[in-house]
Amino acid sequence: MNAAPVTFQPKSVILANPRGFCAGVDRAIAIVERALEKFGAPIYVRHEVVHNKHVVDDLKARGAIFVEELKDIPDLPGGAVVIYSAHGVSKALQAEAAERKFRVFDATCPLVTKVHVEVAKLRRDGVEIIMIGHEGHPEVEGTMGQATEGIYLVEDEADVQQLAASGKVRDPSKLAFVTQTTLSVDDTARVVEALKVAFPAIRPPRKDDICYATTNRQNAVKQIAPDVDVFIVVGSKASSNANRLREVAERLGDRAYLVDDENELDQMWFGTHAKVGVTAGASTPEHLVAAVLARLAEWGFDGVQLGTGESEQVSFRLPHGLDADIKPVSYARDTEL
Ligand code: 2E6
Ligand code: F3S
């Protein structure tokens, strides 16, 4: 991280950089928008395409229908158009979609797909896998669901001890680990150390699977957090990466709040002299950040400074069939300060 010191005035705001949309989210939303333009409503999306209430509500208003289970999608002439969310799906769900003859567009982030491919390859080679991730999260379900057996989930060091004591791992000499993409970088490092102690022959991936966007956004919060009193993370409660940003700020001593939009801010959080940090999860549109800054400015917190984190140049291609002749994504990327 190329952190430069930032100086603050009382009642000032510093905006983390980078923040907000990552390349996988940009692509996933573009896939739904382009499918709506090309095929018209209804378009069915398996799970929230990204974990942001405003994005989902906006796409719903334009004709997208979000379902958790494929059984909630009707059989339409020619096959319903179905999009998988950015978090990915299991092999079983893919098989069900093929059986139902849906016209599928896969909005799984390519960095999640990379982990799927790794899991399938390891299992083909007879290697068992430990996944580090949060139980119940759709990405974890999708990645675990790339294998029918020989894959085990751990969330923390205690889970590692439990798994080691359980004797479930058949051959600890043929064992590897993978991770969810949006974990806490620091917590994951500790879990990996515990794995190496409990299973000394475990093969790491070349690096953990935490993605560039997660890492950069956590570093951007770390850069600012020591110098502010209150941290606002703009993002939805279901968003793993946004929750991790709130935790990072909290662990560095800030009072930190996760808000969907400016209407969830409470003036009491800031008092009269606070220095406020603001960031946004990877699934949060920039217009929500702009609205939060505008509300803070109404309360006297103006004079916004920008953090000096990594600049990002990542972008992903759209799937074949949705990549030509259609307007680009409708979300602005940056707030004018
Ligand atoms: C897919 C994979 C990773 O809850 P989580 O942080 O995983 O998801 P979103 O939708 O908030 O963020 C984008 C994303 C999609 N991250
Ligand atoms: Fe992909 Fe990371 Fe975004 S896994 S969807 S680039 S948060």
# chains A, B, ... in the order shown; residues from 1 in each chain; ligands from 1

$ closest_atom_pairs --of "stretch 217-289 of chain A" --to "stretch 171-186 of chain A" --cutoff "7 Å" --atoms "only C-alpha atoms" --output "JSON lines"
{"residue": "A:Ser240", "atom": "CA", "partner": "A:Thr182", "partner_atom": "CA", "distance": 6.3}
{"residue": "A:Asn241", "atom": "CA", "partner": "A:Thr182", "partner_atom": "CA", "distance": 5.0}
{"residue": "A:Arg244", "atom": "CA", "partner": "A:Ser184", "partner_atom": "CA", "distance": 5.9}

$ write_last_selection --atoms "all heavy atoms" --output "tab-separated table (two decimals), in the first residue's frame"
chain	number	residue	atom	x	y	z
A	240	SER	N	-20.94	-9.25	2.41
A	240	SER	CA	-19.81	-9.72	3.21
A	240	SER	C	-18.67	-8.71	3.17
A	240	SER	O	-18.11	-8.33	4.20
A	240	SER	CB	-19.34	-11.08	2.67
A	240	SER	OG	-18.08	-11.41	3.18
A	241	ASN	N	-18.32	-8.25	1.97
A	241	ASN	CA	-17.14	-7.37	1.89
A	241	ASN	C	-17.39	-6.04	2.59
A	241	ASN	O	-16.48	-5.48	3.20
A	241	ASN	CB	-16.68	-7.19	0.44
A	241	ASN	CG	-17.56	-6.24	-0.33
A	241	ASN	OD1	-17.37	-5.04	-0.26
A	241	ASN	ND2	-18.55	-6.76	-1.06
A	244	ARG	N	-16.94	-6.54	6.28
A	244	ARG	CA	-15.52	-6.64	6.64
A	244	ARG	C	-14.90	-5.24	6.75
A	244	ARG	O	-14.04	-5.00	7.58
A	244	ARG	CB	-14.73	-7.47	5.60
A	244	ARG	CG	-15.22	-8.91	5.36
A	244	ARG	CD	-15.06	-9.83	6.55
A	244	ARG	NE	-16.07	-9.73	7.57
A	244	ARG	CZ	-17.32	-10.23	7.52
A	244	ARG	NH1	-17.74	-10.90	6.49
A	244	ARG	NH2	-18.15	-10.09	8.54

$ select_by_dssp --residues "stretch 35-254 of chain A" --states "alpha helix (DSSP H)" --output "compact mmCIF listing (two decimals) with C-alpha atoms, in the first residue's frame"
# COMPACT_ATOMS: atom_id res chain seq x y z
CA ALA A 35 -30.28 -8.98 -20.87
CA LEU A 36 -33.24 -6.71 -20.04
CA GLU A 37 -32.53 -4.61 -23.13
CA LYS A 38 -31.99 -7.57 -25.42
CA PHE A 39 -34.78 -9.92 -24.27
CA LYS A 53 -30.59 -3.25 -1.85
CA HIS A 54 -30.64 -0.20 -4.14
CA VAL A 55 -29.16 -2.05 -7.11
CA VAL A 56 -31.64 -4.88 -6.66
CA ASP A 57 -34.63 -2.54 -6.24
CA ASP A 58 -33.61 -0.61 -9.36
CA LEU A 59 -33.31 -3.78 -11.46
CA LYS A 60 -36.62 -5.08 -10.07
CA ALA A 61 -38.29 -1.86 -11.23
CA LYS A 91 -22.85 -27.71 -10.00
CA ALA A 92 -26.22 -29.13 -8.87
CA LEU A 93 -27.96 -25.82 -9.61
CA GLN A 94 -26.27 -25.62 -13.02
CA ALA A 95 -27.49 -29.13 -13.80
CA GLU A 96 -31.04 -28.21 -12.77
CA ALA A 97 -30.95 -25.13 -15.03
CA ALA A 98 -29.74 -27.25 -17.98
CA GLU A 99 -32.48 -29.82 -17.31
CA PRO A 110 -14.51 -14.47 -12.93
CA LEU A 111 -12.45 -14.41 -9.71
CA VAL A 112 -15.04 -16.69 -8.08
CA THR A 113 -15.11 -18.93 -11.16
CA LYS A 114 -11.33 -19.25 -10.86
CA VAL A 115 -11.82 -20.77 -7.38
CA HIS A 116 -14.55 -23.08 -8.77
CA VAL A 117 -12.15 -24.32 -11.43
CA GLU A 118 -9.44 -24.92 -8.82
CA VAL A 119 -11.83 -26.92 -6.61
CA ALA A 120 -12.92 -29.14 -9.52
CA LYS A 121 -9.30 -29.73 -10.57
CA LEU A 122 -8.14 -30.61 -7.05
CA ARG A 123 -10.98 -33.10 -6.62
CA ARG A 124 -10.20 -34.70 -10.00
CA PRO A 138 -24.05 -17.94 -1.45
CA GLU A 139 -20.44 -17.81 -2.66
CA VAL A 140 -19.51 -20.49 -0.13
CA GLU A 141 -22.49 -22.62 -1.19
CA GLY A 142 -21.49 -22.26 -4.84
CA THR A 143 -17.81 -23.05 -4.29
CA MET A 144 -18.46 -25.96 -1.90
CA GLU A 157 -9.30 -21.18 14.17
CA ALA A 158 -11.73 -23.09 16.44
CA ASP A 159 -13.29 -24.74 13.37
CA VAL A 160 -9.80 -25.80 12.25
CA GLN A 161 -9.12 -27.53 15.60
CA GLN A 162 -12.54 -29.19 15.45
CA LEU A 163 -12.01 -30.46 11.92
CA ALA A 164 -8.55 -31.81 12.81
CA ALA A 165 -9.96 -33.63 15.86
CA SER A 166 -12.95 -35.02 13.93
CA VAL A 185 -7.28 -10.34 5.05
CA ASP A 186 -6.01 -10.35 8.67
CA ASP A 187 -8.44 -12.98 10.03
CA THR A 188 -7.74 -15.23 7.06
CA ALA A 189 -3.99 -15.06 7.63
CA ARG A 190 -4.61 -16.37 11.17
CA VAL A 191 -6.86 -19.19 9.98
CA VAL A 192 -4.26 -20.17 7.37
CA GLU A 193 -1.59 -20.34 10.09
CA ALA A 194 -3.89 -22.60 12.16
CA LEU A 195 -4.43 -24.81 9.10
CA LYS A 196 -0.68 -25.15 8.57
CA VAL A 197 -0.22 -26.23 12.21
CA ALA A 198 -3.14 -28.69 12.18
CA TYR A 212 -7.88 -7.56 -5.38
CA ALA A 213 -10.98 -5.43 -4.67
CA THR A 214 -11.45 -6.81 -1.15
CA THR A 215 -7.77 -6.33 -0.33
CA ASN A 216 -7.56 -2.80 -1.75
CA ARG A 217 -10.75 -1.63 0.01
CA GLN A 218 -9.58 -3.02 3.37
CA ASN A 219 -6.17 -1.34 2.91
CA ALA A 220 -7.87 1.96 2.04
CA VAL A 221 -9.82 1.81 5.34
CA LYS A 222 -6.65 0.93 7.26
CA GLN A 223 -4.96 4.00 5.81
CA ILE A 224 -7.63 6.38 7.10
CA SER A 240 -19.81 -9.72 3.21
CA ASN A 241 -17.14 -7.37 1.89
CA ALA A 242 -18.95 -4.28 3.24
CA ASN A 243 -19.24 -5.90 6.69
CA ARG A 244 -15.52 -6.64 6.64
CA LEU A 245 -14.79 -2.95 5.95
CA ARG A 246 -16.84 -1.97 9.01
CA GLU A 247 -14.89 -4.51 11.11
CA VAL A 248 -11.53 -3.22 9.89
CA ALA A 249 -12.44 0.33 10.94
CA GLU A 250 -13.80 -0.87 14.29
CA ARG A 251 -10.66 -2.86 15.06

$ atom_distance --atom1 "atom CA of A:Glu336" --atom2 "atom CA of A:Asp266"
23.9 Å

$ closest_residue --among "A:Asp209, A:Glu149, A:Glu33, A:Glu155" --to "ligand 1" --atoms "only C-alpha atoms and all ligand atoms"
A:Asp209

$ residues_near_ligand --ligand "ligand 1" --cutoff "6 Å" --atoms "only C-alpha atoms and all ligand atoms" --output "ChimeraX atom specification"
/A:25,50-51,86-87,109,181-182,238-241,282-283

$ write_last_selection --atoms "N, CA and C atoms" --output "tab-separated table (two decimals), in the first residue's frame"
chain	number	residue	atom	x	y	z
A	25	VAL	N	-18.61	-6.71	-10.02
A	25	VAL	CA	-19.94	-6.13	-9.81
A	25	VAL	C	-20.37	-5.34	-11.05
A	50	VAL	N	-25.99	-8.68	-6.96
A	50	VAL	CA	-24.96	-8.30	-5.99
A	50	VAL	C	-25.72	-7.91	-4.73
A	51	HIS	N	-25.01	-7.92	-3.60
A	51	HIS	CA	-25.70	-7.68	-2.31
A	51	HIS	C	-25.86	-6.20	-2.05
A	86	ALA	N	-23.47	-12.74	-9.06
A	86	ALA	CA	-22.00	-12.61	-9.06
A	86	ALA	C	-21.34	-13.58	-8.09
A	87	HIS	N	-22.13	-14.12	-7.15
A	87	HIS	CA	-21.53	-14.98	-6.10
A	87	HIS	C	-21.34	-16.41	-6.56
A	109	CYS	N	-18.68	-13.73	-10.76
A	109	CYS	CA	-17.41	-12.99	-10.95
A	109	CYS	C	-16.34	-13.96	-11.43
A	181	THR	N	-13.82	-15.03	-1.49
A	181	THR	CA	-13.06	-13.91	-2.05
A	181	THR	C	-13.13	-12.63	-1.20
A	182	THR	N	-14.09	-12.57	-0.28
A	182	THR	CA	-14.35	-11.29	0.40
A	182	THR	C	-14.03	-11.33	1.90
A	238	ALA	N	-26.34	-7.51	3.89
A	238	ALA	CA	-26.02	-8.84	3.36
A	238	ALA	C	-24.64	-8.91	2.71
A	239	SER	N	-23.99	-7.78	2.56
A	239	SER	CA	-22.72	-7.75	1.81
A	239	SER	C	-21.55	-8.13	2.72
A	240	SER	N	-20.94	-9.25	2.41
A	240	SER	CA	-19.81	-9.72	3.21
A	240	SER	C	-18.67	-8.71	3.17
A	241	ASN	N	-18.32	-8.25	1.97
A	241	ASN	CA	-17.14	-7.37	1.89
A	241	ASN	C	-17.39	-6.04	2.59
A	282	ALA	N	-17.94	-3.19	-2.27
A	282	ALA	CA	-17.71	-3.43	-3.71
A	282	ALA	C	-19.01	-3.50	-4.51
A	283	SER	N	-20.15	-3.63	-3.81
A	283	SER	CA	-21.44	-3.70	-4.52
A	283	SER	C	-22.24	-2.41	-4.37

$ residues_around --residues "A:Asp323" --least-positions-apart "6" --cutoff "10 Å" --atoms "only C-alpha atoms" --output "NGL selection string"
:A and (30-31 or 34 or 317)

$ select_by_dssp --residues "stretch 129-333 of chain A" --states "strand (DSSP E)" --output "NGL selection string"
:A and (129-132 or 151-154 or 175-179 or 230-234 or 255-259 or 276-280 or 304-306)
